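Data file: data_15.txt. Format and content: compact mmCIF, C-alpha atoms.
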```
# COMPACT_ATOMS: atom_id res chain seq x y z
CA MET A 11 -6.42 16.60 16.00
CA ARG A 12 -7.95 19.74 14.47
CA GLN A 13 -4.57 21.47 14.71
CA ILE A 14 -2.94 18.51 12.96
CA TRP A 15 -5.41 18.71 10.07
CA LYS A 16 -4.86 22.46 9.82
CA SER A 17 -1.07 22.17 9.81
CA PHE A 18 -0.85 19.33 7.29
CA ARG A 19 -3.95 19.90 5.16
CA SER A 20 -1.98 20.69 2.00
CA LEU A 21 0.00 17.42 2.21
CA TYR A 22 -3.12 15.45 3.11
CA PHE A 23 -4.88 17.02 0.13
CA ALA A 24 -2.03 15.95 -2.14
CA ALA A 25 -2.26 12.38 -0.80
CA LEU A 26 -6.05 12.44 -1.17
CA MET A 27 -5.85 13.50 -4.82
CA MET A 28 -3.20 10.89 -5.60
CA LEU A 29 -5.25 8.06 -4.12
CA ILE A 30 -8.49 9.21 -5.77
CA GLY A 31 -6.70 9.04 -9.10
CA SER A 32 -4.99 5.73 -8.34
CA GLY A 33 -8.13 4.03 -7.03
CA LEU A 34 -10.24 5.19 -9.96
CA LEU A 35 -7.59 4.16 -12.51
CA SER A 36 -7.30 0.58 -11.17
CA THR A 37 -11.05 -0.04 -11.22
CA TYR A 38 -11.57 1.73 -14.54
CA LEU A 39 -8.95 -0.39 -16.31
CA ALA A 40 -10.37 -3.62 -14.90
CA LEU A 41 -13.91 -2.71 -15.99
CA ARG A 42 -12.74 -1.50 -19.36
CA LEU A 43 -10.98 -4.80 -20.08
CA ALA A 44 -14.00 -6.72 -18.78
CA ALA A 45 -16.25 -4.79 -21.18
CA ASP A 46 -13.88 -5.70 -24.04
CA GLN A 47 -13.97 -9.41 -23.02
CA VAL A 48 -10.22 -9.46 -22.29
CA ASP A 49 -8.87 -12.42 -20.29
CA SER A 50 -8.61 -11.98 -16.52
CA LEU A 51 -4.90 -12.81 -16.83
CA TRP A 52 -4.31 -9.43 -18.48
CA VAL A 53 -6.36 -7.67 -15.79
CA GLY A 54 -4.19 -9.26 -13.12
CA ALA A 55 -1.05 -8.40 -15.06
CA LEU A 56 -1.99 -4.71 -14.99
CA MET A 57 -2.16 -4.66 -11.18
CA ALA A 58 1.03 -6.75 -10.92
CA ALA A 59 2.76 -4.19 -13.15
CA ASN A 60 1.61 -1.38 -10.88
CA TYR A 61 3.13 -3.04 -7.80
CA PHE A 62 6.29 -3.85 -9.73
CA GLY A 63 6.57 -0.14 -10.54
CA LEU A 64 6.06 0.76 -6.89
CA ALA A 65 8.90 -1.60 -5.94
CA LEU A 66 11.20 -0.05 -8.56
CA GLY A 67 10.23 3.42 -7.42
CA GLY A 68 11.78 2.89 -4.00
CA LYS A 69 15.25 2.79 -5.58
CA VAL A 70 14.65 5.35 -8.30
CA GLY A 71 12.96 7.78 -5.91
CA HIS A 72 15.97 8.02 -3.59
CA ARG A 73 18.29 8.81 -6.48
CA LEU A 74 15.96 11.31 -8.11
CA ILE A 75 15.24 13.21 -4.89
CA ALA A 76 18.95 13.30 -4.04
CA ARG A 77 19.82 14.71 -7.46
CA VAL A 78 17.15 17.37 -8.05
CA GLY A 79 15.44 17.93 -4.69
CA HIS A 80 12.02 17.08 -3.29
CA ILE A 81 9.84 19.60 -5.13
CA ARG A 82 11.38 19.00 -8.54
CA ALA A 83 11.27 15.23 -8.07
CA TYR A 84 7.62 15.38 -7.04
CA ALA A 85 6.69 17.69 -9.92
CA THR A 86 8.57 15.52 -12.42
CA CYS A 87 6.84 12.34 -11.27
CA ALA A 88 3.39 13.95 -11.12
CA GLY A 89 3.83 15.10 -14.73
CA ILE A 90 5.06 11.70 -15.89
CA VAL A 91 2.22 9.88 -14.09
CA GLY A 92 -0.37 12.22 -15.61
CA ALA A 93 1.05 11.63 -19.08
CA ALA A 94 1.10 7.85 -18.54
CA VAL A 95 -2.54 7.93 -17.43
CA LEU A 96 -3.57 9.79 -20.58
CA GLY A 97 -1.48 7.33 -22.59
CA HIS A 98 -4.03 4.63 -21.75
CA GLY A 99 -6.55 6.55 -23.83
CA MET A 100 -4.31 6.68 -26.91
CA THR A 101 -4.07 2.93 -27.47
CA ASN A 102 -6.05 -0.22 -26.73
CA TYR A 103 -2.93 -2.42 -26.93
CA VAL A 104 -2.91 -4.14 -23.51
CA PRO A 105 0.88 -4.83 -23.34
CA ALA A 106 1.40 -1.08 -23.76
CA TRP A 107 -0.96 -0.53 -20.82
CA ILE A 108 1.21 -2.83 -18.72
CA GLY A 109 4.25 -0.65 -19.45
CA LEU A 110 2.25 2.46 -18.59
CA ARG A 111 1.14 0.90 -15.29
CA VAL A 112 4.77 0.27 -14.36
CA ILE A 113 5.48 3.96 -15.01
CA VAL A 114 2.47 5.02 -12.92
CA GLY A 115 3.58 2.84 -10.00
CA LEU A 116 7.16 4.05 -10.19
CA GLY A 117 6.17 7.71 -10.24
CA MET A 118 3.67 7.33 -7.41
CA MET A 119 6.27 5.72 -5.14
CA CYS A 120 8.51 8.75 -5.59
CA GLN A 121 5.56 11.00 -4.75
CA TYR A 122 4.84 8.97 -1.61
CA MET A 123 8.46 9.35 -0.56
CA VAL A 124 8.36 13.13 -0.93
CA LEU A 125 5.07 13.49 0.98
CA GLU A 126 6.14 11.19 3.80
CA SER A 127 9.55 12.80 4.25
CA TRP A 128 7.81 16.19 4.36
CA LEU A 129 5.25 15.01 6.90
CA ASN A 130 8.04 13.66 9.09
CA GLU A 131 10.09 16.85 8.77
CA GLN A 132 7.19 19.02 9.93
CA ALA A 133 5.75 16.66 12.57
CA ASP A 134 6.69 17.14 16.19
CA ALA A 135 7.99 13.99 17.89
CA LYS A 136 4.84 13.88 20.05
CA GLN A 137 2.60 14.42 17.02
CA ARG A 138 3.85 11.60 14.83
CA GLY A 139 1.08 9.18 15.80
CA ALA A 140 -1.66 11.72 15.04
CA VAL A 141 0.02 12.80 11.80
CA PHE A 142 0.30 9.14 10.76
CA SER A 143 -3.41 8.59 11.50
CA GLY A 144 -4.36 11.63 9.42
CA TYR A 145 -2.28 10.30 6.53
CA MET A 146 -3.99 6.91 6.83
CA ILE A 147 -7.46 8.50 6.75
CA ALA A 148 -6.58 10.61 3.70
CA SER A 149 -5.23 7.51 1.91
CA TYR A 150 -8.24 5.29 2.54
CA LEU A 151 -10.69 8.12 1.89
CA GLY A 152 -9.02 8.81 -1.45
CA LEU A 153 -9.35 5.18 -2.53
CA VAL A 154 -13.03 5.11 -1.52
CA LEU A 155 -13.85 8.36 -3.31
CA GLY A 156 -12.10 7.09 -6.42
CA GLN A 157 -14.56 4.18 -6.55
CA LEU A 158 -17.60 6.38 -5.93
CA ILE A 159 -16.78 8.49 -8.98
CA LEU A 160 -17.97 5.50 -11.02
CA VAL A 161 -21.39 5.88 -9.41
CA VAL A 162 -21.64 9.46 -10.64
CA HIS A 163 -20.02 8.79 -14.03
CA PRO A 164 -20.55 5.14 -15.02
CA ALA A 165 -19.63 5.55 -18.70
CA LEU A 166 -16.22 3.94 -19.34
CA GLY A 167 -15.05 6.58 -21.78
CA PRO A 168 -11.86 8.65 -21.96
CA GLU A 169 -13.43 11.23 -19.63
CA LEU A 170 -12.50 9.07 -16.63
CA LEU A 171 -8.86 8.98 -17.72
CA MET A 172 -8.95 12.76 -17.99
CA LEU A 173 -10.34 12.91 -14.46
CA VAL A 174 -7.54 10.67 -13.17
CA ALA A 175 -4.96 12.89 -14.89
CA MET A 176 -6.67 15.92 -13.36
CA CYS A 177 -6.27 14.40 -9.89
CA PHE A 178 -2.54 13.94 -10.44
CA ALA A 179 -2.30 17.52 -11.69
CA LEU A 180 -4.13 18.83 -8.60
CA CYS A 181 -1.95 16.81 -6.22
CA LEU A 182 0.98 18.81 -7.57
CA VAL A 183 -0.44 22.22 -6.59
CA PRO A 184 0.02 22.18 -2.76
CA VAL A 185 3.58 20.86 -3.06
CA ALA A 186 4.61 23.27 -5.82
CA MET A 187 3.24 26.25 -3.87
CA THR A 188 4.68 25.33 -0.48
CA ARG A 189 6.71 27.86 1.46
CA ARG A 190 7.99 25.26 3.88
CA ILE A 191 11.65 24.35 4.04
CA HIS A 192 12.86 21.38 2.06
CA PRO A 193 12.88 18.11 3.99
CA ALA A 194 16.25 16.78 5.02
CA PRO A 195 18.09 14.54 2.53
CA LEU A 196 17.20 10.87 2.54
CA ARG A 197 19.32 7.87 3.36
CA PRO A 198 18.07 4.41 2.37
CA ALA A 199 17.91 1.96 5.24
CA PRO A 200 19.69 -1.40 4.85
CA MET A 201 17.38 -4.28 3.92
CA GLU A 202 19.07 -7.05 5.99
CA PRO A 203 16.80 -9.80 4.60
CA LYS A 204 18.67 -12.67 6.28
CA PHE A 205 18.36 -11.02 9.68
CA PHE A 206 14.62 -10.42 9.38
CA ILE A 207 13.88 -13.86 7.89
CA ARG A 208 15.48 -15.37 10.99
CA ARG A 209 14.06 -12.89 13.49
CA VAL A 210 10.44 -12.40 12.29
CA PRO A 211 9.61 -15.27 9.89
CA GLN A 212 5.93 -15.45 10.85
CA SER A 213 5.44 -11.71 10.32
CA LEU A 214 7.03 -11.92 6.87
CA SER A 215 4.79 -14.87 6.00
CA THR A 216 1.74 -12.84 7.04
CA VAL A 217 2.85 -9.82 5.02
CA LEU A 218 3.47 -11.98 1.95
CA GLY A 219 0.01 -13.53 2.34
CA ALA A 220 -1.55 -10.09 2.80
CA GLY A 221 0.16 -8.88 -0.38
CA LEU A 222 -1.10 -11.88 -2.36
CA ILE A 223 -4.68 -11.36 -1.17
CA VAL A 224 -4.94 -7.56 -1.22
CA GLY A 225 -3.08 -7.24 -4.54
CA ALA A 226 -5.48 -9.73 -6.13
CA PHE A 227 -8.43 -7.89 -4.57
CA TYR A 228 -7.52 -4.47 -5.97
CA GLY A 229 -6.74 -5.88 -9.40
CA LEU A 230 -9.52 -8.42 -9.88
CA ALA A 231 -12.44 -7.64 -7.54
CA PRO A 232 -13.92 -5.17 -10.09
CA LEU A 233 -13.76 -7.91 -12.73
CA TYR A 234 -15.35 -10.42 -10.33
CA ALA A 235 -18.17 -7.99 -9.54
CA ALA A 236 -18.74 -7.26 -13.23
CA ARG A 237 -19.00 -11.00 -13.98
CA GLN A 238 -21.59 -11.27 -11.21
CA GLY A 239 -23.76 -9.03 -13.37
CA LEU A 240 -23.23 -5.75 -11.50
CA SER A 241 -23.48 -2.50 -13.42
CA THR A 242 -20.62 0.00 -13.40
CA GLU A 243 -22.35 2.03 -10.66
CA GLN A 244 -22.80 -1.10 -8.54
CA VAL A 245 -19.17 -2.15 -9.06
CA GLY A 246 -18.09 1.30 -7.83
CA LEU A 247 -20.32 0.95 -4.76
CA PHE A 248 -19.04 -2.59 -4.11
CA MET A 249 -15.39 -1.56 -4.31
CA GLY A 250 -16.00 1.58 -2.23
CA CYS A 251 -17.80 -0.50 0.41
CA CYS A 252 -14.97 -3.04 0.58
CA ILE A 253 -12.19 -0.43 0.81
CA PHE A 254 -14.17 1.54 3.41
CA ALA A 255 -14.14 -1.65 5.50
CA GLY A 256 -10.35 -1.36 5.57
CA LEU A 257 -10.62 2.08 7.15
CA VAL A 258 -13.38 1.14 9.61
CA VAL A 259 -11.55 -1.90 10.96
CA GLN A 260 -8.37 -0.04 11.94
CA TRP A 261 -9.65 1.24 15.29
CA PRO A 262 -11.23 -1.98 16.68
CA LEU A 263 -8.18 -3.84 15.37
CA GLY A 264 -5.92 -1.56 17.39
CA TRP A 265 -7.97 -2.22 20.53
CA LEU A 266 -7.72 -5.99 20.03
CA SER A 267 -4.05 -5.89 19.07
CA ASP A 268 -3.07 -4.09 22.27
CA ARG A 269 -4.93 -6.59 24.48
CA TYR A 270 -4.47 -10.03 22.94
CA ASP A 271 -1.62 -12.14 21.62
CA ARG A 272 -0.88 -10.89 18.11
CA ALA A 273 0.16 -14.23 16.65
CA LEU A 274 -3.10 -15.74 17.89
CA LEU A 275 -5.02 -12.79 16.40
CA ILE A 276 -3.37 -13.28 12.99
CA ARG A 277 -4.27 -16.96 13.04
CA SER A 278 -7.84 -16.29 14.18
CA ILE A 279 -8.38 -13.62 11.53
CA SER A 280 -7.01 -15.98 8.88
CA VAL A 281 -9.54 -18.61 9.97
CA GLY A 282 -12.30 -15.99 9.82
CA LEU A 283 -11.16 -14.85 6.38
CA ALA A 284 -11.24 -18.40 5.01
CA VAL A 285 -14.75 -18.98 6.41
CA ALA A 286 -16.09 -15.61 5.22
CA ALA A 287 -14.70 -15.98 1.69
CA LEU A 288 -15.91 -19.57 1.28
CA PRO A 289 -19.51 -18.77 0.17
CA LEU A 290 -18.21 -16.42 -2.54
CA ALA A 291 -15.69 -19.08 -3.57
CA ILE A 292 -18.20 -21.88 -4.11
CA LEU A 293 -21.23 -19.99 -5.44
CA PRO A 294 -20.96 -19.10 -9.15
CA SER A 295 -23.76 -16.54 -8.76
CA VAL A 296 -24.37 -14.53 -5.58
CA PRO A 297 -27.42 -12.35 -4.74
CA LEU A 298 -26.57 -8.65 -4.60
CA GLU A 299 -27.27 -8.22 -0.87
CA LEU A 300 -25.14 -11.25 0.05
CA LEU A 301 -22.35 -10.10 -2.25
CA PHE A 302 -22.11 -6.71 -0.55
CA ALA A 303 -22.40 -8.16 2.95
CA MET A 304 -19.83 -10.91 2.45
CA GLY A 305 -17.52 -8.63 0.46
CA PHE A 306 -17.53 -6.15 3.35
CA ILE A 307 -16.77 -8.85 5.93
CA VAL A 308 -13.98 -10.39 3.83
CA SER A 309 -12.43 -6.95 3.38
CA LEU A 310 -12.65 -6.22 7.11
CA LEU A 311 -10.53 -9.30 7.71
CA GLN A 312 -8.09 -9.07 4.80
CA PHE A 313 -7.12 -5.48 5.67
CA CYS A 314 -6.25 -6.60 9.23
CA LEU A 315 -3.36 -8.83 8.21
CA TYR A 316 -0.72 -6.26 7.25
CA PRO A 317 -1.10 -3.91 10.28
CA LEU A 318 -1.10 -6.87 12.65
CA ALA A 319 2.04 -8.31 11.04
CA VAL A 320 3.77 -4.93 11.34
CA ALA A 321 2.84 -4.66 15.03
CA PHE A 322 3.90 -8.27 15.69
CA SER A 323 7.28 -7.76 14.00
CA ASN A 324 7.95 -4.48 15.85
CA ASP A 325 7.59 -6.37 19.13
CA HIS A 326 10.65 -8.44 18.19
CA VAL A 327 12.93 -5.90 16.50
CA GLU A 328 14.93 -3.17 18.22
CA SER A 329 13.98 0.44 17.52
CA GLU A 330 17.14 1.26 15.56
CA ARG A 331 16.24 -1.46 13.04
CA ARG A 332 12.56 -0.60 12.58
CA VAL A 333 13.06 1.63 9.53
CA SER A 334 14.91 -1.26 7.86
CA LEU A 335 12.12 -3.57 9.01
CA THR A 336 9.50 -1.38 7.34
CA ALA A 337 11.45 -1.45 4.07
CA MET A 338 11.70 -5.24 4.28
CA LEU A 339 7.99 -5.61 5.02
CA LEU A 340 7.02 -3.35 2.12
CA VAL A 341 9.24 -5.24 -0.32
CA THR A 342 7.75 -8.53 0.86
CA TYR A 343 4.24 -7.11 0.52
CA GLY A 344 5.10 -5.83 -2.97
CA VAL A 345 6.33 -9.26 -4.06
CA GLY A 346 3.07 -10.80 -2.92
CA ALA A 347 0.98 -8.06 -4.50
CA SER A 348 2.79 -8.54 -7.81
CA ILE A 349 2.30 -12.32 -7.84
CA GLY A 350 -1.25 -12.45 -6.44
CA PRO A 351 -3.11 -10.77 -9.33
CA LEU A 352 -1.27 -12.93 -11.89
CA VAL A 353 -2.05 -16.24 -10.17
CA ALA A 354 -5.64 -15.29 -9.36
CA GLY A 355 -6.10 -14.03 -12.93
CA VAL A 356 -5.06 -17.40 -14.34
CA LEU A 357 -7.43 -19.22 -11.97
CA MET A 358 -10.32 -16.95 -12.93
CA LYS A 359 -9.61 -17.49 -16.62
CA VAL A 360 -9.54 -21.29 -16.31
CA LEU A 361 -12.12 -22.00 -13.58
CA GLY A 362 -14.39 -18.99 -13.35
CA ALA A 363 -14.71 -15.64 -11.57
CA GLN A 364 -15.42 -17.17 -8.14
CA MET A 365 -11.82 -18.43 -8.10
CA LEU A 366 -10.79 -14.99 -6.83
CA TYR A 367 -12.34 -15.77 -3.46
CA ALA A 368 -11.16 -19.39 -3.63
CA PHE A 369 -7.67 -17.87 -3.93
CA PHE A 370 -8.38 -15.89 -0.72
CA VAL A 371 -9.56 -19.04 1.06
CA PHE A 372 -6.46 -20.99 0.06
CA PHE A 373 -3.93 -18.41 1.24
CA ALA A 374 -5.89 -17.69 4.41
CA LEU A 375 -5.59 -21.42 5.21
CA VAL A 376 -1.87 -21.29 4.38
CA LEU A 377 -1.53 -18.56 7.02
CA VAL A 378 -3.50 -20.67 9.51
CA TRP A 379 -0.95 -23.44 8.92
CA ARG A 380 2.07 -21.13 8.89
CA ILE A 381 1.32 -18.94 11.94
CA ARG A 382 1.99 -20.89 15.14
CA PRO A 383 1.58 -18.88 18.36
CA LYS A 384 3.25 -21.63 20.40
CA ALA A 385 6.42 -21.27 18.31
CA VAL A 386 6.88 -17.66 19.51
CA THR A 387 9.45 -18.00 22.30
CA GLY A 388 9.75 -14.31 23.16
CA LEU A 389 13.55 -14.65 23.14
CA HIS A 390 14.01 -11.44 21.13
CA GLN A 391 10.96 -9.58 22.37
CA VAL A 392 11.78 -5.92 23.05
CA GLN A 393 11.54 -4.54 26.55
CA ASP A 394 8.26 -2.59 26.14
CA ALA A 395 6.42 -5.26 24.13
CA PRO A 396 3.69 -5.39 23.17
CA LEU A 397 4.16 -1.95 21.64
CA GLY A 398 1.08 0.14 20.91
CA HIS A 399 -0.70 -0.83 17.70
CA VAL A 400 -0.57 1.79 14.92
CA ALA A 401 -3.17 2.01 12.15
CA MET A 402 -1.46 1.70 8.76
CA PRO A 403 -2.10 3.81 5.65
CA ALA A 404 -3.57 2.17 2.56
CA ALA A 405 -0.40 2.99 0.61
CA GLY A 406 3.03 4.40 1.23
CA SER A 407 6.79 4.12 0.96
CA PRO A 408 9.53 2.83 3.30
CA LEU A 409 9.77 6.38 4.66
CA SER A 410 6.40 5.94 6.36
CA ALA A 411 8.39 4.27 9.16
CA ALA A 412 9.77 7.69 10.06
CA LEU A 413 6.23 8.72 11.01
CA ASP A 414 5.61 5.57 13.03
CA PRO A 415 5.65 6.49 16.74
CA ARG A 416 7.20 3.08 17.50
CA VAL A 417 10.44 4.32 15.90
CA ASP A 418 12.49 6.49 18.24
CA GLU A 419 13.37 10.07 17.28
CA GLN A 420 17.13 9.46 16.96
CA THR A 421 16.56 6.69 14.43
CA VAL A 422 14.33 9.01 12.42
CA GLN A 423 17.04 11.68 12.42
CA ASP A 424 19.61 9.13 11.25
CA VAL A 425 17.42 8.11 8.29
CA MET A 426 16.67 11.70 7.32
CA GLN A 427 20.34 12.74 7.22
CA ALA A 428 22.78 11.70 4.50
CA PRO A 429 26.46 12.28 3.81
CA VAL A 430 27.60 14.23 0.77
CA ALA A 431 28.34 12.38 -2.46
CA ALA A 432 30.69 14.31 -4.71
CA GLU A 433 29.07 13.29 -7.99
CA ASP A 434 25.73 14.83 -6.99
CA THR A 435 26.89 18.21 -5.68
CA GLU A 436 25.26 19.97 -8.63
CA ASN A 437 21.89 19.58 -6.86
CA ALA A 438 20.15 22.92 -7.36
CA GLU A 439 18.11 22.64 -4.19
CA GLY A 440 21.17 22.32 -1.99
CA GLU A 441 20.11 18.88 -0.77
CA GLN A 442 22.67 16.13 -0.45
CA PRO A 443 22.16 12.78 -2.19
CA ALA A 444 21.38 9.55 -0.47
CA THR A 445 23.97 6.84 0.01
CA PRO A 446 23.29 3.35 1.28
CA GLU A 447 23.95 2.62 4.90
CA VAL A 448 25.90 -0.53 5.69
CA SER A 449 24.96 -2.42 8.80
CA GLN A 450 27.71 -4.18 10.70
CA ALA A 451 25.38 -5.77 13.27
CA PRO A 452 25.47 -9.57 13.46
CA LEU A 453 22.36 -11.58 12.65
CA ASP A 454 20.38 -13.02 15.53
CA LYS A 455 18.53 -16.29 15.39
CA SER A 456 14.75 -16.24 15.64
CA GLY A 457 12.90 -17.47 18.65
```
Structure rendered as structure tokens:
Amino acid sequence: MRQIWKSFRSLYFAALMMLIGSGLLSTYLALRLAADQVDSLWVGALMAANYFGLALGGKVGHRLIARVGHIRAYATCAGIVGAAVLGHGMTNYVPAWIGLRVIVGLGMMCQYMVLESWLNEQADAKQRGAVFSGYMIASYLGLVLGQLILVVHPALGPELLMLVAMCFALCLVPVAMTRRIHPAPLRPAPMEPKFFIRRVPQSLSTVLGAGLIVGAFYGLAPLYAARQGLSTEQVGLFMGCCIFAGLVVQWPLGWLSDRYDRALLIRSISVGLAVAALPLAILPSVPLELLFAMGFIVSLLQFCLYPLAVAFSNDHVESERRVSLTAMLLVTYGVGASIGPLVAGVLMKVLGAQMLYAFFVFFALVLVWRIRPKAVTGLHQVQDAPLGHVAMPAAGSPLSAALDPRVDEQTVQDVMQAPVAAEDTENAEGEQPATPEVSQAPLDKSG
């Protein structure tokens, strides 16, 4: 593992800086609006806008990288994101902030795509699992450190926006100075929504539920904590503690996932999540110690849902379709993460701050109802199922599937190679543009 860190430290550093900036920005904006007595609906709208930008970035990123190359695309987006971050300090008009959050999300998705294609290009086939784990650690660690900055600098002034912009400037340095070869051109995988809705409906339901819950958490948990009377330093500690739970749980989750029925695990964790979130949902005021303890436990459980759903779906989809599956899962997660903060924000505005955790309870119970282990027939289960569980990064693009060791090497090579498109031959980096792949495979019915 030491050799992995040494070989990929520059790319991990870039991811770390990006996530420090992103994590700090989300919490800062929520606290800033809370201090200005702005409705929770607007706070939720900011996070929804960020996820909407991430979803748009998947399309825009492919085109931009194909046209100007990886380094120029990354540098362009890092500059735009830094400018958008500083733009928050030039106006207090919240609708303008929503537009800026869309830009930040869009630019960050392109940056994720460049980093992940580079990691895949440089990773040996046997190293992909370790490289993926290192990327996950850097992502979660960045989000945690972003929250802890509020402990050191609790004042909600423009200095924090400058610090976020500084992080996005620093994440540019290791990529701009690289002497490595350019990654291979990218080719978008087909989405095939009808196929996956029929083949892995329970996994998609779980991913949608995870997006609703986690999106609402990132957007509105700082506001909830502030309305519980926590200071800025305590909000930073609370958020850092909860996000750290997402990192800690990945290893025991992998052990459980490889030994027990995954559909049953999803249902059991959903039950646990509903029970754990219930005290925070019904108590308008929670003692500090209980808030931290229950917040940590709820986060342990909520961050289990997406990796388990990914592992469960991979057990029922052939290797050549797993890159497409990852794209479908991320889009589904993004839809949930865009809707969740808006709905939870409305509930908090009308019924009080504790409605955030009531929202978690409700959708955890929906998953308990929706996930039925007895309905899994195993008709389409792949030969080596259950496949080994893989810990998932806190953030990423559809290209993260290329690092997933469950995807075979030939499929990775197919995704990372693209035919030439005549209209984009002016690419200065010599890279060829991406063109959509069309699948001719028939749809199978789910078991």
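Going from atom CA of Val104 of chain A to atom CA of Asp49 of chain A covers 10.7 Å.
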Spatial neighbours of Met304 of chain A, max dist 9 Å, all atoms listed in the file, sep filter under 3 positions, as an NGL selection string: :A and (286-287 or 289-290 or 299-301 or 307-309)
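Using all atoms listed in the file, the smallest distance between any of A:Val70, A:Val296, A:Cys251, A:Val258 and Gly239 of chain A comes from A:Val296.
Across A:Ile292, A:Leu21, A:Ile90, A:Ile276, the tightest approach to Ala175 of chain A is made by A:Ile90 when counting all atoms listed in the file.
In this comparison, which uses all atoms listed in the file, the residue of A:Gln312, A:Ser323, A:Ser127, A:Asn60 approaching Val210 of chain A most closely is A:Ser323.
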